[in-house]
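Undergrad: Data file start_10.txt (compact mmCIF, C-alpha atoms (C1' of nucleotides)) is appended below.
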# COMPACT_ATOMS: atom_id res chain seq x y z
CA MET S 20 0.00 0.00 0.00
CA ARG S 21 1.09 3.50 -0.78
CA GLU S 22 2.90 5.13 2.04
CA PHE S 23 0.11 6.94 3.79
CA SER S 24 2.13 10.00 4.68
CA ARG S 25 2.19 10.73 0.97
CA SER S 26 -1.50 10.17 0.42
CA LEU S 27 -3.70 12.95 -0.86
CA PRO S 28 -5.73 13.35 2.34
CA MET S 29 -2.56 13.72 4.37
CA SER S 30 -1.08 16.22 1.94
CA LEU S 31 -4.21 18.31 2.13
CA LEU S 32 -4.36 18.05 5.90
CA ARG S 33 -0.77 19.09 6.39
CA ALA S 34 -1.02 21.97 3.96
CA ARG S 35 -4.14 23.28 5.63
CA GLU S 36 -2.59 22.98 9.05
CA ALA S 37 0.49 24.86 7.88
CA VAL S 38 -1.76 27.68 6.71
CA MET S 39 -4.03 27.79 9.73
CA ARG S 40 -1.13 27.75 12.13
CA GLN S 41 -0.33 31.23 10.86
CA PHE S 42 -3.78 32.54 11.68
CA ARG S 43 -4.60 30.87 14.97
CA PRO S 44 -2.50 33.06 17.29
CA SER S 45 -4.10 36.23 15.97
CA LEU S 46 -7.61 34.85 16.27
CA ARG S 47 -6.88 33.52 19.70
CA ARG S 48 -5.91 36.95 20.93
CA HIS S 49 -9.51 37.96 20.28
CA ASP S 50 -11.05 34.78 21.66
CA LEU S 51 -12.18 33.68 18.25
CA THR S 52 -11.98 30.20 16.87
CA GLU S 53 -11.40 29.52 13.23
CA GLN S 54 -15.08 28.64 12.71
CA GLN S 55 -16.39 31.67 14.59
CA TRP S 56 -14.23 33.86 12.38
CA ARG S 57 -15.63 32.11 9.30
CA ILE S 58 -19.15 32.92 10.45
CA LEU S 59 -18.39 36.56 11.13
CA ARG S 60 -16.72 36.96 7.77
CA ALA S 61 -19.63 35.36 5.99
CA LEU S 62 -22.09 37.61 7.83
CA ALA S 63 -20.10 40.78 7.23
CA ALA S 64 -20.46 40.35 3.48
CA ILE S 65 -24.26 40.44 3.49
CA GLU S 66 -27.26 42.00 5.18
CA ALA S 67 -28.78 38.85 6.66
CA ILE S 68 -28.87 35.15 5.87
CA GLU S 69 -30.84 32.07 6.83
CA VAL S 70 -29.13 29.50 9.00
CA THR S 71 -29.16 26.74 6.42
CA GLU S 72 -27.72 29.00 3.76
CA LEU S 73 -25.07 30.16 6.21
CA ALA S 74 -24.10 26.56 6.91
CA ARG S 75 -23.60 25.98 3.20
CA THR S 76 -21.58 29.17 2.79
CA ALA S 77 -19.34 28.62 5.81
CA PHE S 78 -19.02 24.90 5.07
CA LEU S 79 -20.24 23.87 8.49
CA LEU S 80 -22.69 21.15 9.45
CA GLY S 81 -25.96 22.17 11.05
CA PRO S 82 -25.16 21.02 14.58
CA SER S 83 -21.80 22.80 14.64
CA LEU S 84 -23.38 25.97 13.35
CA SER S 85 -26.16 25.77 15.93
CA ARG S 86 -23.66 25.77 18.76
CA ILE S 87 -21.50 28.49 17.27
CA LEU S 88 -24.48 30.79 16.69
CA ARG S 89 -25.62 30.22 20.26
CA ASP S 90 -22.22 31.31 21.54
CA LEU S 91 -21.82 34.26 19.19
CA ASP S 92 -25.31 35.40 20.13
CA ALA S 93 -24.46 35.16 23.83
CA ARG S 94 -21.42 37.36 23.16
CA GLY S 95 -23.57 39.87 21.34
CA LEU S 96 -21.63 39.56 18.10
CA ILE S 97 -24.64 38.55 16.01
CA GLU S 98 -28.39 39.08 15.95
CA ARG S 99 -31.04 36.46 15.31
CA LYS S 100 -34.62 36.77 14.13
CA THR S 101 -37.23 34.45 12.81
CA ALA S 102 -38.38 34.67 9.22
CA LYS S 103 -41.86 36.20 9.06
CA THR S 104 -43.06 33.95 6.29
CA ASP S 105 -41.75 30.69 7.78
CA LEU S 106 -41.38 30.36 11.53
CA ARG S 107 -39.04 27.42 11.13
CA ARG S 108 -36.33 29.51 9.52
CA GLY S 109 -33.88 31.56 11.51
CA VAL S 110 -32.26 34.66 10.06
CA VAL S 111 -28.85 35.79 11.25
CA SER S 112 -26.96 39.06 10.84
CA ILE S 113 -23.85 40.57 12.33
CA SER S 114 -24.26 43.13 15.12
CA GLU S 115 -22.54 46.47 15.59
CA LYS S 116 -20.31 44.90 18.17
CA GLY S 117 -19.48 42.14 15.71
CA LEU S 118 -18.56 44.64 13.03
CA LYS S 119 -16.29 46.49 15.43
CA LEU S 120 -14.55 43.27 16.35
CA MET S 121 -13.98 42.50 12.70
CA GLU S 122 -12.42 45.91 12.16
CA VAL S 123 -9.93 45.09 14.88
CA VAL S 124 -9.06 41.60 13.67
CA ALA S 125 -9.14 42.09 9.91
CA PRO S 126 -5.85 44.02 9.50
CA SER S 127 -3.85 41.29 11.20
CA SER S 128 -5.63 38.63 9.21
CA GLU S 129 -5.02 40.46 5.96
CA ALA S 130 -1.37 40.92 6.79
CA ILE S 131 -0.93 37.23 7.40
CA TYR S 132 -2.67 36.31 4.18
CA ALA S 133 -0.50 38.76 2.30
CA ALA S 134 2.62 37.26 3.83
CA ILE S 135 1.54 33.79 2.79
CA THR S 136 0.86 35.01 -0.73
CA ARG S 137 4.25 36.69 -0.90
CA CYS S 138 5.96 33.63 0.44
CA TYR S 139 4.37 31.11 -1.87
CA GLY S 140 3.91 33.35 -4.86
CA ALA S 141 0.66 34.93 -6.01
CA LYS S 142 0.62 33.17 -9.33
CA ARG S 143 1.37 29.78 -7.87
CA LEU S 144 -1.24 30.35 -5.20
CA ALA S 145 -3.90 31.08 -7.78
CA GLU S 146 -2.89 27.98 -9.68
CA LEU S 147 -3.11 25.88 -6.55
CA GLN S 148 -6.57 27.16 -5.74
CA ASP S 149 -7.64 26.39 -9.26
CA MET S 150 -6.40 22.82 -8.98
CA LEU S 151 -8.14 22.39 -5.64
CA GLY S 152 -11.38 23.61 -7.14
CA THR S 153 -11.04 21.19 -10.00
CA LEU S 154 -10.37 18.35 -7.60
CA GLU S 155 -13.48 19.20 -5.64
CA ALA S 156 -15.54 19.34 -8.81
CA SER S 157 -14.08 16.08 -10.07
CA LEU S 158 -15.08 14.21 -6.97
CA SER S 159 -18.50 15.73 -6.56
CA GLY S 160 -19.87 13.27 -9.08
CA LEU S 161 -17.87 10.31 -7.85
CA GLU S 162 -20.09 8.61 -5.30
CA PHE S 163 -19.16 5.12 -4.36
CA ALA S 164 -22.11 2.89 -3.75
CA ASP S 165 -22.37 2.19 -0.05
CA GLU S 166 -23.06 -1.50 -0.47
CA GLY S 167 -20.35 -3.91 -1.54
CA GLU S 168 -16.92 -4.12 0.02
CA ALA S 169 -14.57 -2.67 -2.59
CA GLY S 170 -17.68 -3.06 -4.64
CA GLY S 171 -18.25 -1.66 -8.07
CA GLY S 172 -17.95 2.04 -7.69
CA ASN S 173 -19.10 4.18 -10.55
CA GLU S 174 -16.51 5.52 -12.86
CA CYS S 175 -15.70 9.15 -13.16
CA ASN S 176 -18.46 11.10 -14.80
CA PHE S 177 -16.73 14.43 -14.72
CA ALA S 178 -15.89 15.78 -18.16
CA MET T 243 -11.78 41.77 2.35
CA ARG T 244 -11.35 38.87 0.00
CA GLU T 245 -14.43 36.74 -0.17
CA PHE T 246 -13.72 34.11 2.39
CA SER T 247 -15.23 31.24 0.43
CA ARG T 248 -12.32 31.68 -1.96
CA SER T 249 -9.65 31.85 0.69
CA LEU T 250 -6.88 29.30 0.78
CA PRO T 251 -7.95 27.64 4.03
CA MET T 252 -11.46 27.15 2.67
CA SER T 253 -10.18 25.74 -0.61
CA LEU T 254 -8.04 23.26 1.25
CA LEU T 255 -10.84 22.34 3.62
CA ARG T 256 -13.34 21.74 0.85
CA ALA T 257 -10.90 19.75 -1.22
CA ARG T 258 -10.01 17.53 1.69
CA GLU T 259 -13.64 17.01 2.58
CA ALA T 260 -14.42 16.04 -1.02
CA VAL T 261 -11.68 13.42 -0.84
CA MET T 262 -12.52 12.06 2.59
CA ARG T 263 -16.20 11.79 1.77
CA GLN T 264 -15.22 9.02 -0.62
CA PHE T 265 -13.47 7.01 2.08
CA ARG T 266 -15.70 7.49 5.10
CA PRO T 267 -18.48 5.01 4.16
CA SER T 268 -16.00 2.20 3.66
CA LEU T 269 -14.19 2.90 6.93
CA ARG T 270 -17.47 3.23 8.75
CA ARG T 271 -18.50 -0.27 7.68
CA HIS T 272 -15.56 -1.53 9.72
CA ASP T 273 -16.12 0.82 12.65
CA LEU T 274 -12.98 2.73 11.89
CA THR T 275 -12.58 6.46 11.99
CA GLU T 276 -10.28 8.28 9.67
CA GLN T 277 -7.70 8.75 12.43
CA GLN T 278 -7.84 5.15 13.60
CA TRP T 279 -7.19 4.06 10.02
CA ARG T 280 -4.24 6.43 9.85
CA ILE T 281 -2.74 4.82 12.94
CA LEU T 282 -3.20 1.29 11.65
CA ARG T 283 -1.65 2.19 8.32
CA ALA T 284 1.31 3.82 10.00
CA LEU T 285 1.82 0.79 12.24
CA ALA T 286 1.49 -1.72 9.42
CA ALA T 287 4.48 -0.22 7.66
CA ILE T 288 6.90 -0.84 10.52
CA GLU T 289 7.75 -3.24 13.31
CA ALA T 290 7.12 -0.94 16.26
CA ILE T 291 7.21 2.75 17.00
CA GLU T 292 7.29 5.10 19.95
CA VAL T 293 4.17 7.09 20.71
CA THR T 294 5.71 10.48 20.06
CA GLU T 295 7.14 9.36 16.76
CA LEU T 296 3.78 7.88 15.81
CA ALA T 297 2.09 11.18 16.56
CA ARG T 298 4.49 12.93 14.22
CA THR T 299 4.01 10.34 11.48
CA ALA T 300 0.22 10.25 11.69
CA PHE T 301 0.05 14.03 12.16
CA LEU T 302 -1.95 13.79 15.36
CA LEU T 303 -1.54 15.71 18.58
CA GLY T 304 -0.54 13.81 21.69
CA PRO T 305 -3.88 13.92 23.46
CA SER T 306 -5.78 12.70 20.41
CA LEU T 307 -3.31 9.89 19.91
CA SER T 308 -3.55 8.90 23.56
CA ARG T 309 -7.28 8.40 23.30
CA ILE T 310 -7.10 6.60 19.99
CA LEU T 311 -4.43 4.19 21.22
CA ARG T 312 -6.49 3.47 24.32
CA ASP T 313 -9.46 2.54 22.13
CA LEU T 314 -7.48 0.53 19.59
CA ASP T 315 -5.81 -1.32 22.44
CA ALA T 316 -9.19 -2.12 24.00
CA ARG T 317 -10.28 -3.54 20.64
CA GLY T 318 -7.17 -5.66 20.45
CA LEU T 319 -5.97 -4.10 17.22
CA ILE T 320 -2.63 -2.94 18.61
CA GLU T 321 -0.13 -3.96 21.27
CA ARG T 322 1.66 -1.69 23.70
CA LYS T 323 4.88 -2.09 25.64
CA THR T 324 7.21 0.15 27.52
CA ALA T 325 10.70 0.87 26.26
CA LYS T 326 13.29 -0.92 28.35
CA THR T 327 15.81 1.88 28.27
CA ASP T 328 13.35 4.66 29.14
CA LEU T 329 10.26 3.87 31.16
CA ARG T 330 8.59 7.08 30.01
CA ARG T 331 8.38 5.93 26.43
CA GLY T 332 5.63 3.72 25.13
CA VAL T 333 6.14 1.46 22.12
CA VAL T 334 3.24 0.51 19.89
CA SER T 335 2.82 -2.17 17.24
CA ILE T 336 -0.05 -3.61 15.27
CA SER T 337 -1.52 -6.93 16.41
CA GLU T 338 -2.44 -9.97 14.35
CA LYS T 339 -6.06 -8.96 14.62
CA GLY T 340 -5.16 -5.50 13.40
CA LEU T 341 -3.31 -6.91 10.41
CA LYS T 342 -6.30 -9.04 9.51
CA LEU T 343 -8.60 -6.06 9.70
CA MET T 344 -6.29 -4.14 7.39
CA GLU T 345 -6.36 -6.95 4.86
CA VAL T 346 -10.12 -6.66 4.78
CA VAL T 347 -10.29 -2.88 4.48
CA ALA T 348 -7.32 -2.21 2.23
CA PRO T 349 -8.80 -3.41 -1.09
CA SER T 350 -11.76 -1.08 -0.82
CA SER T 351 -9.52 1.77 0.21
CA GLU T 352 -7.16 1.13 -2.68
CA ALA T 353 -10.04 0.98 -5.13
CA ILE T 354 -11.34 4.33 -3.98
CA TYR T 355 -7.91 5.92 -4.23
CA ALA T 356 -7.51 4.51 -7.71
CA ALA T 357 -10.87 5.92 -8.75
CA ILE T 358 -9.90 9.34 -7.47
CA THR T 359 -6.62 9.17 -9.33
CA ARG T 360 -8.39 8.13 -12.54
CA CYS T 361 -10.94 10.85 -12.12
CA TYR T 362 -8.55 13.71 -11.48
CA GLY T 363 -5.65 12.45 -13.51
CA ALA T 364 -2.50 10.82 -12.19
CA LYS T 365 -0.22 13.49 -13.54
CA ARG T 366 -2.29 16.34 -12.23
CA LEU T 367 -2.58 14.61 -8.87
CA ALA T 368 1.18 14.32 -8.57
CA GLU T 369 1.52 17.97 -9.50
CA LEU T 370 -1.02 18.96 -6.88
CA GLN T 371 0.75 16.99 -4.18
CA ASP T 372 3.97 18.64 -5.17
CA MET T 373 2.46 22.09 -4.85
CA LEU T 374 0.96 21.22 -1.47
CA GLY T 375 4.33 20.05 -0.25
CA THR T 376 5.94 23.25 -1.43
CA LEU T 377 3.27 25.29 0.32
CA GLU T 378 3.89 23.44 3.55
CA ALA T 379 7.62 23.97 3.25
CA SER T 380 7.16 27.65 2.40
CA LEU T 381 5.15 28.31 5.51
CA SER T 382 7.23 26.26 7.89
CA GLY T 383 9.65 29.13 8.22
CA LEU T 384 7.01 31.85 8.33
CA GLU T 385 6.24 32.33 11.99
CA PHE T 386 4.44 35.48 12.92
CA ALA T 387 5.51 36.99 16.18
CA ASP T 388 2.75 36.51 18.71
CA GLU T 389 2.99 40.04 20.04
CA GLY T 390 1.70 42.97 18.10
CA GLU T 391 -1.71 43.22 16.51
CA ALA T 392 -1.04 43.11 12.72
CA GLY T 393 2.44 43.66 13.98
CA GLY T 394 5.58 43.23 11.98
CA GLY T 395 5.68 39.66 10.94
CA ASN T 396 8.90 38.35 9.54
CA GLU T 397 9.25 38.13 5.84
CA CYS T 398 9.52 34.91 3.97
CA ASN T 399 12.77 33.19 4.58
CA PHE T 400 12.13 30.26 2.31
CA ALA T 401 14.39 30.17 -0.69
C1' DG Z 109 23.61 11.69 44.80
C1' DC Z 110 20.09 15.11 44.61
C1' DA Z 111 17.27 18.85 43.58
C1' DA Z 112 15.66 21.49 39.42
C1' DG Z 113 14.38 21.34 35.02
C1' DA Z 114 13.39 18.68 30.74
C1' DT Z 115 10.93 14.99 28.58
C1' DG Z 116 7.13 11.51 27.37
C1' DC Z 117 2.79 10.59 27.96
C1' DT Z 118 -1.92 11.06 29.95
C1' DT Z 119 -5.87 13.51 31.69
C1' DA Z 120 -8.85 17.47 31.73
C1' DA Z 121 -11.68 20.94 29.66
C1' DC Z 122 -13.76 23.08 26.06
C1' DA Z 123 -14.93 23.57 20.93
C1' DT Z 124 -15.93 21.29 16.62
C1' DG Z 125 -17.01 17.13 13.35
C1' DT Z 126 -20.35 13.70 12.61
C1' DT Z 127 -24.49 10.97 12.85
C1' DA Z 128 -28.96 10.19 14.84
C1' DA Z 129 -32.97 11.62 17.23
C1' DG Z 130 -36.09 15.28 18.81
C1' DT Z 131 -39.12 19.58 18.25
C1' DG Z 132 -41.79 22.83 16.05
C1' DT Z 133 -43.59 24.42 11.58
C1' DC Z 134 -45.14 23.95 7.00
C1' DT Z 135 -47.36 21.61 2.93
C1' DC Z 136 -50.35 18.86 0.70
C1' DG Z 137 -53.69 15.21 -0.30
C1' DG Z 138 -58.08 13.70 1.12
C1' DC I 169 -59.92 21.00 8.17
C1' DC I 170 -56.53 17.48 9.41
C1' DG I 171 -53.26 14.09 9.59
C1' DA I 172 -48.99 12.27 7.34
C1' DG I 173 -44.84 13.53 5.69
C1' DA I 174 -41.37 17.07 4.58
C1' DC I 175 -38.53 20.67 6.31
C1' DA I 176 -35.56 23.76 9.43
C1' DC I 177 -33.35 23.72 12.94
C1' DT I 178 -31.76 21.97 17.72
C1' DT I 179 -30.18 18.63 21.04
C1' DA I 180 -27.75 14.48 22.13
C1' DA I 181 -23.92 11.39 22.00
C1' DC I 182 -19.54 10.16 20.85
C1' DA I 183 -14.84 11.06 18.60
C1' DT I 184 -11.28 14.37 17.54
C1' DG I 185 -8.72 19.13 17.69
C1' DT I 186 -6.54 22.12 20.83
C1' DT I 187 -4.48 24.03 24.91
C1' DA I 188 -3.21 23.56 29.62
C1' DA I 189 -2.19 20.88 33.57
C1' DG I 190 -0.72 16.58 35.78
C1' DC I 191 2.33 12.53 36.58
C1' DA I 192 6.17 9.68 36.16
C1' DT I 193 10.75 9.33 34.56
C1' DC I 194 15.05 10.98 32.99
C1' DT I 195 19.05 14.26 32.76
C1' DT I 196 22.03 17.63 34.25
C1' DG I 197 24.64 20.77 37.23
C1' DC I 198 26.26 21.17 41.54
With the file now loaded, output its structure as structure tokens.

TA:
Amino acid sequence: MREFSRSLPMSLLRAREAVMRQFRPSLRRHDLTEQQWRILRALAAIEAIEVTELARTAFLLGPSLSRILRDLDARGLIERKTAKTDLRRGVVSISEKGLKLMEVVAPSSEAIYAAITRCYGAKRLAELQDMLGTLEASLSGLEFADEGEAGGGNECNFA
Amino acid sequence: MREFSRSLPMSLLRAREAVMRQFRPSLRRHDLTEQQWRILRALAAIEAIEVTELARTAFLLGPSLSRILRDLDARGLIERKTAKTDLRRGVVSISEKGLKLMEVVAPSSEAIYAAITRCYGAKRLAELQDMLGTLEASLSGLEFADEGEAGGGNECNFA
DNA sequence: GCAAGATGCTTAACATGTTAAGTGTCTCGG
DNA sequence: CCGAGACACTTAACATGTTAAGCATCTTGC
């Protein structure tokens, strides 16, 4: 079997960890986790958003998002309402306090991202992101049947 | 601020999730988590290994590894001893039962990996892994000082 | 030797990932 | 209407990520 330290999942994991390690200290200084920061960034870009749509945007599962919204709400960084037309749906937006926090954190975050870009090369970075996007798209159609053991998976149906 | 859904951490996270989604059902059929499978694979490649070294190889933090080894030991999939020359160090190896489990799971795992490779392209996959490795290496020397807010990070010292 | 610090590992505490079950609301066929 | 099923979360339960603290052992300087 292929040496697992060279497998694709490990390569992706290590690369992501190398990137996130740069950001974590800055976020930690403001008592923000990586996921909380993702939520705030997603909210800052729009007026308001439904919970399910936010989960899709921030790439979080429902249960994780539920907990994070509860905590951010308790800290006063977001505001929650219920959709008038459908009482099941929750609508979330960033609060004034949340916006102020973002203004404090963003410069540091931008500086780190810029340093990473400088270090790796802007062109190469764009190329990498492109390849990652293609990988994601390639695999989106590749769903192994959940039945047989090593059983007949479908072939690639990505053009 | 750059739209966060296009940020490098998100690209890496989504790509990795797209890959792992292919493997999870197969592992789940054998009551193995992704991390447990990583440990077994690492152990299968060698005779025995110290816990700290295993953590480095499998890219797990000590506390996570501690729990996983406890569970794998309880299931009889691994064996643990103490190093003779240093009673602090634990030495881990895979058991017969663990090897048999690997023989059952490996074919399915290999088939999935092969499908991914076919789907994305072997050459492109190798190129991607190369770029990920370079990214990791680039950032290994880029350590922001943990002091100032946006404060003067060091420049890139990767050749 | 022996006390102070370093080291290897484990435990603790809290946050998230992941799946399943629970709760309230909506929709639609009868 | 109204009851069955779908839908939008939320809660629960368990495993891992992450940091800090704890414990046992080792090493070093004196």

Undergrad: Give me, as a list of chain:residue names, the contact residues of chain I against chain T at a cut-off of 8 Å, counting only C-alpha atoms (C1' of nucleotides).

TA: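 Contact residues on the first chain: I:DT184, I:DG185, I:DA192, I:DT193, I:DC194.
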
Undergrad: Over every C-alpha pair, in sequence order, do a least-squares fit of chain S onto chain T and save the fitted chain as a compact mmCIF listing (two decimals) with C-alpha atoms, in the frame of the given file.

TA:
# COMPACT_ATOMS: atom_id res chain seq x y z
CA MET S 20 -11.83 41.78 2.34
CA ARG S 21 -11.41 38.88 0.01
CA GLU S 22 -14.45 36.75 -0.24
CA PHE S 23 -13.74 34.11 2.34
CA SER S 24 -15.24 31.25 0.39
CA ARG S 25 -12.36 31.70 -2.01
CA SER S 26 -9.68 31.86 0.64
CA LEU S 27 -6.90 29.32 0.74
CA PRO S 28 -7.99 27.68 4.00
CA MET S 29 -11.48 27.17 2.65
CA SER S 30 -10.20 25.77 -0.63
CA LEU S 31 -8.05 23.29 1.22
CA LEU S 32 -10.86 22.36 3.58
CA ARG S 33 -13.35 21.75 0.82
CA ALA S 34 -10.92 19.75 -1.26
CA ARG S 35 -10.02 17.55 1.68
CA GLU S 36 -13.64 17.02 2.56
CA ALA S 37 -14.42 16.05 -1.03
CA VAL S 38 -11.69 13.43 -0.84
CA MET S 39 -12.53 12.07 2.59
CA ARG S 40 -16.19 11.80 1.78
CA GLN S 41 -15.22 9.03 -0.62
CA PHE S 42 -13.46 7.04 2.08
CA ARG S 43 -15.69 7.49 5.10
CA PRO S 44 -18.45 5.03 4.18
CA SER S 45 -15.97 2.22 3.67
CA LEU S 46 -14.17 2.92 6.93
CA ARG S 47 -17.44 3.23 8.75
CA ARG S 48 -18.48 -0.23 7.68
CA HIS S 49 -15.55 -1.51 9.74
CA ASP S 50 -16.09 0.84 12.67
CA LEU S 51 -12.95 2.76 11.90
CA THR S 52 -12.55 6.48 12.00
CA GLU S 53 -10.26 8.31 9.68
CA GLN S 54 -7.66 8.77 12.44
CA GLN S 55 -7.81 5.16 13.60
CA TRP S 56 -7.17 4.08 10.02
CA ARG S 57 -4.21 6.46 9.84
CA ILE S 58 -2.73 4.84 12.94
CA LEU S 59 -3.19 1.32 11.65
CA ARG S 60 -1.63 2.21 8.32
CA ALA S 61 1.32 3.84 10.00
CA LEU S 62 1.82 0.80 12.24
CA ALA S 63 1.49 -1.71 9.43
CA ALA S 64 4.50 -0.22 7.67
CA ILE S 65 6.91 -0.85 10.54
CA GLU S 66 7.76 -3.27 13.32
CA ALA S 67 7.13 -0.97 16.28
CA ILE S 68 7.24 2.74 17.01
CA GLU S 69 7.30 5.06 19.99
CA VAL S 70 4.19 7.06 20.72
CA THR S 71 5.76 10.44 20.09
CA GLU S 72 7.20 9.34 16.79
CA LEU S 73 3.83 7.88 15.83
CA ALA S 74 2.15 11.19 16.59
CA ARG S 75 4.56 12.94 14.25
CA THR S 76 4.07 10.36 11.51
CA ALA S 77 0.28 10.28 11.71
CA PHE S 78 0.08 14.05 12.17
CA LEU S 79 -1.89 13.80 15.38
CA LEU S 80 -1.47 15.72 18.61
CA GLY S 81 -0.46 13.80 21.71
CA PRO S 82 -3.82 13.92 23.48
CA SER S 83 -5.73 12.71 20.42
CA LEU S 84 -3.28 9.89 19.92
CA SER S 85 -3.51 8.89 23.58
CA ARG S 86 -7.24 8.39 23.31
CA ILE S 87 -7.07 6.59 19.99
CA LEU S 88 -4.40 4.18 21.22
CA ARG S 89 -6.47 3.46 24.31
CA ASP S 90 -9.44 2.53 22.14
CA LEU S 91 -7.47 0.53 19.59
CA ASP S 92 -5.80 -1.33 22.43
CA ALA S 93 -9.19 -2.11 23.99
CA ARG S 94 -10.28 -3.54 20.63
CA GLY S 95 -7.16 -5.66 20.45
CA LEU S 96 -5.98 -4.10 17.21
CA ILE S 97 -2.63 -2.95 18.60
CA GLU S 98 -0.13 -3.97 21.26
CA ARG S 99 1.65 -1.69 23.69
CA LYS S 100 4.86 -2.14 25.64
CA THR S 101 7.17 0.07 27.57
CA ALA S 102 10.66 0.79 26.31
CA LYS S 103 13.21 -1.10 28.40
CA THR S 104 15.74 1.69 28.40
CA ASP S 105 13.29 4.49 29.25
CA LEU S 106 10.16 3.71 31.22
CA ARG S 107 8.55 6.94 30.11
CA ARG S 108 8.36 5.86 26.49
CA GLY S 109 5.60 3.67 25.15
CA VAL S 110 6.14 1.43 22.15
CA VAL S 111 3.24 0.50 19.90
CA SER S 112 2.84 -2.18 17.24
CA ILE S 113 -0.04 -3.61 15.27
CA SER S 114 -1.52 -6.93 16.41
CA GLU S 115 -2.47 -9.97 14.37
CA LYS S 116 -6.07 -8.96 14.63
CA GLY S 117 -5.14 -5.49 13.42
CA LEU S 118 -3.32 -6.89 10.42
CA LYS S 119 -6.30 -9.04 9.52
CA LEU S 120 -8.58 -6.04 9.70
CA MET S 121 -6.29 -4.12 7.40
CA GLU S 122 -6.36 -6.94 4.87
CA VAL S 123 -10.13 -6.63 4.79
CA VAL S 124 -10.28 -2.85 4.49
CA ALA S 125 -7.30 -2.18 2.24
CA PRO S 126 -8.79 -3.40 -1.08
CA SER S 127 -11.75 -1.06 -0.79
CA SER S 128 -9.51 1.80 0.22
CA GLU S 129 -7.16 1.15 -2.67
CA ALA S 130 -10.03 0.99 -5.10
CA ILE S 131 -11.32 4.35 -3.97
CA TYR S 132 -7.91 5.94 -4.22
CA ALA S 133 -7.50 4.52 -7.69
CA ALA S 134 -10.86 5.92 -8.73
CA ILE S 135 -9.90 9.35 -7.46
CA THR S 136 -6.62 9.17 -9.33
CA ARG S 137 -8.39 8.13 -12.52
CA CYS S 138 -10.94 10.85 -12.12
CA TYR S 139 -8.56 13.70 -11.47
CA GLY S 140 -5.66 12.43 -13.52
CA ALA S 141 -2.49 10.83 -12.19
CA LYS S 142 -0.21 13.49 -13.54
CA ARG S 143 -2.30 16.35 -12.24
CA LEU S 144 -2.58 14.62 -8.90
CA ALA S 145 1.17 14.33 -8.58
CA GLU S 146 1.51 17.98 -9.50
CA LEU S 147 -1.04 18.97 -6.90
CA GLN S 148 0.73 17.02 -4.19
CA ASP S 149 3.97 18.66 -5.17
CA MET S 150 2.44 22.11 -4.87
CA LEU S 151 0.94 21.25 -1.50
CA GLY S 152 4.31 20.09 -0.27
CA THR S 153 5.91 23.29 -1.44
CA LEU S 154 3.24 25.33 0.29
CA GLU S 155 3.85 23.48 3.53
CA ALA S 156 7.58 24.02 3.23
CA SER S 157 7.13 27.68 2.38
CA LEU S 158 5.13 28.35 5.49
CA SER S 159 7.22 26.30 7.86
CA GLY S 160 9.63 29.19 8.20
CA LEU S 161 6.99 31.89 8.28
CA GLU S 162 6.21 32.39 11.95
CA PHE S 163 4.39 35.53 12.84
CA ALA S 164 5.46 37.01 16.11
CA ASP S 165 2.72 36.51 18.65
CA GLU S 166 2.92 40.01 20.05
CA GLY S 167 1.66 43.00 18.10
CA GLU S 168 -1.73 43.21 16.46
CA ALA S 169 -1.02 42.98 12.73
CA GLY S 170 2.45 43.53 14.03
CA GLY S 171 5.62 43.17 12.07
CA GLY S 172 5.69 39.62 10.94
CA ASN S 173 8.91 38.31 9.52
CA GLU S 174 9.22 38.12 5.82
CA CYS S 175 9.47 34.92 3.93
CA ASN S 176 12.76 33.18 4.49
CA PHE S 177 12.09 30.27 2.22
CA ALA S 178 14.37 30.17 -0.81

Undergrad: Can you work out the spacing between atom CA of S:Ser112 and atom CA of S:Pro44 in Å, to one decimal?

TA: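 These two atoms are separated by 26.0 Å.
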
Undergrad: For chain S, work out the contacting residues on chain Z at 12 Å, counting all atoms listed in the file, and write them as a PyMOL selection string.

TA: chain Z and resi 122-128+131-135

Undergrad: What does the distance between atom CA of S:Leu161 and atom CA of T:Leu255 come to in Å, to one decimal place?

TA: 18.0 Å

Undergrad: Could you tell me how far atom CA of S:Glu72 sits from atom CA of S:Leu154, in Å to one decimal place?

TA: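 That distance, rounded to one decimal, is 23.3 Å.
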
Undergrad: For I:DA183, which residue out of T:Thr299, T:Thr324, T:Gln278, T:Thr294 is the nearest one, using all atoms listed in the file?

TA: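 Checking each of T:Thr299, T:Thr324, T:Gln278, T:Thr294 against I:DA183, counting all atoms listed in the file, the winner is T:Gln278.
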
Undergrad: Return the single residue from S:Cys138, S:Ala156, S:Leu118, S:Leu59 that is closest to chain T, with distances computed using only C-alpha atoms.

TA: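 Distance minimum relative to chain T lands on S:Cys138.
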
Undergrad: Can you pull out every residue within 9 Å of T:Leu343, counting only C-alpha atoms (C1' of nucleotides), but drop anything in the same chain fewer than 5 positions away, and send it as a PyMOL selection string?

TA: chain T and resi 272+319+338+348

Undergrad: Any chance you can output those residues with C-alpha atoms as an mmCIF file, keeping the file's coordinate frame?

TA:
data_model
loop_
_atom_site.group_PDB
_atom_site.id
_atom_site.type_symbol
_atom_site.label_atom_id
_atom_site.label_comp_id
_atom_site.auth_asym_id
_atom_site.auth_seq_id
_atom_site.Cartn_x
_atom_site.Cartn_y
_atom_site.Cartn_z
ATOM 1 C CA HIS T 272 -15.560 -1.530 9.720
ATOM 2 C CA LEU T 319 -5.970 -4.100 17.220
ATOM 3 C CA GLU T 338 -2.440 -9.970 14.350
ATOM 4 C CA ALA T 348 -7.320 -2.210 2.230
#

Undergrad: My list of candidates is S:Arg40, S:Ala141, S:Arg48, S:Ser127. Which is closest to chain T when distances are computed with all atoms listed in the file?

TA: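 Ranked by minimum distance to chain T, first place goes to S:Ser127.
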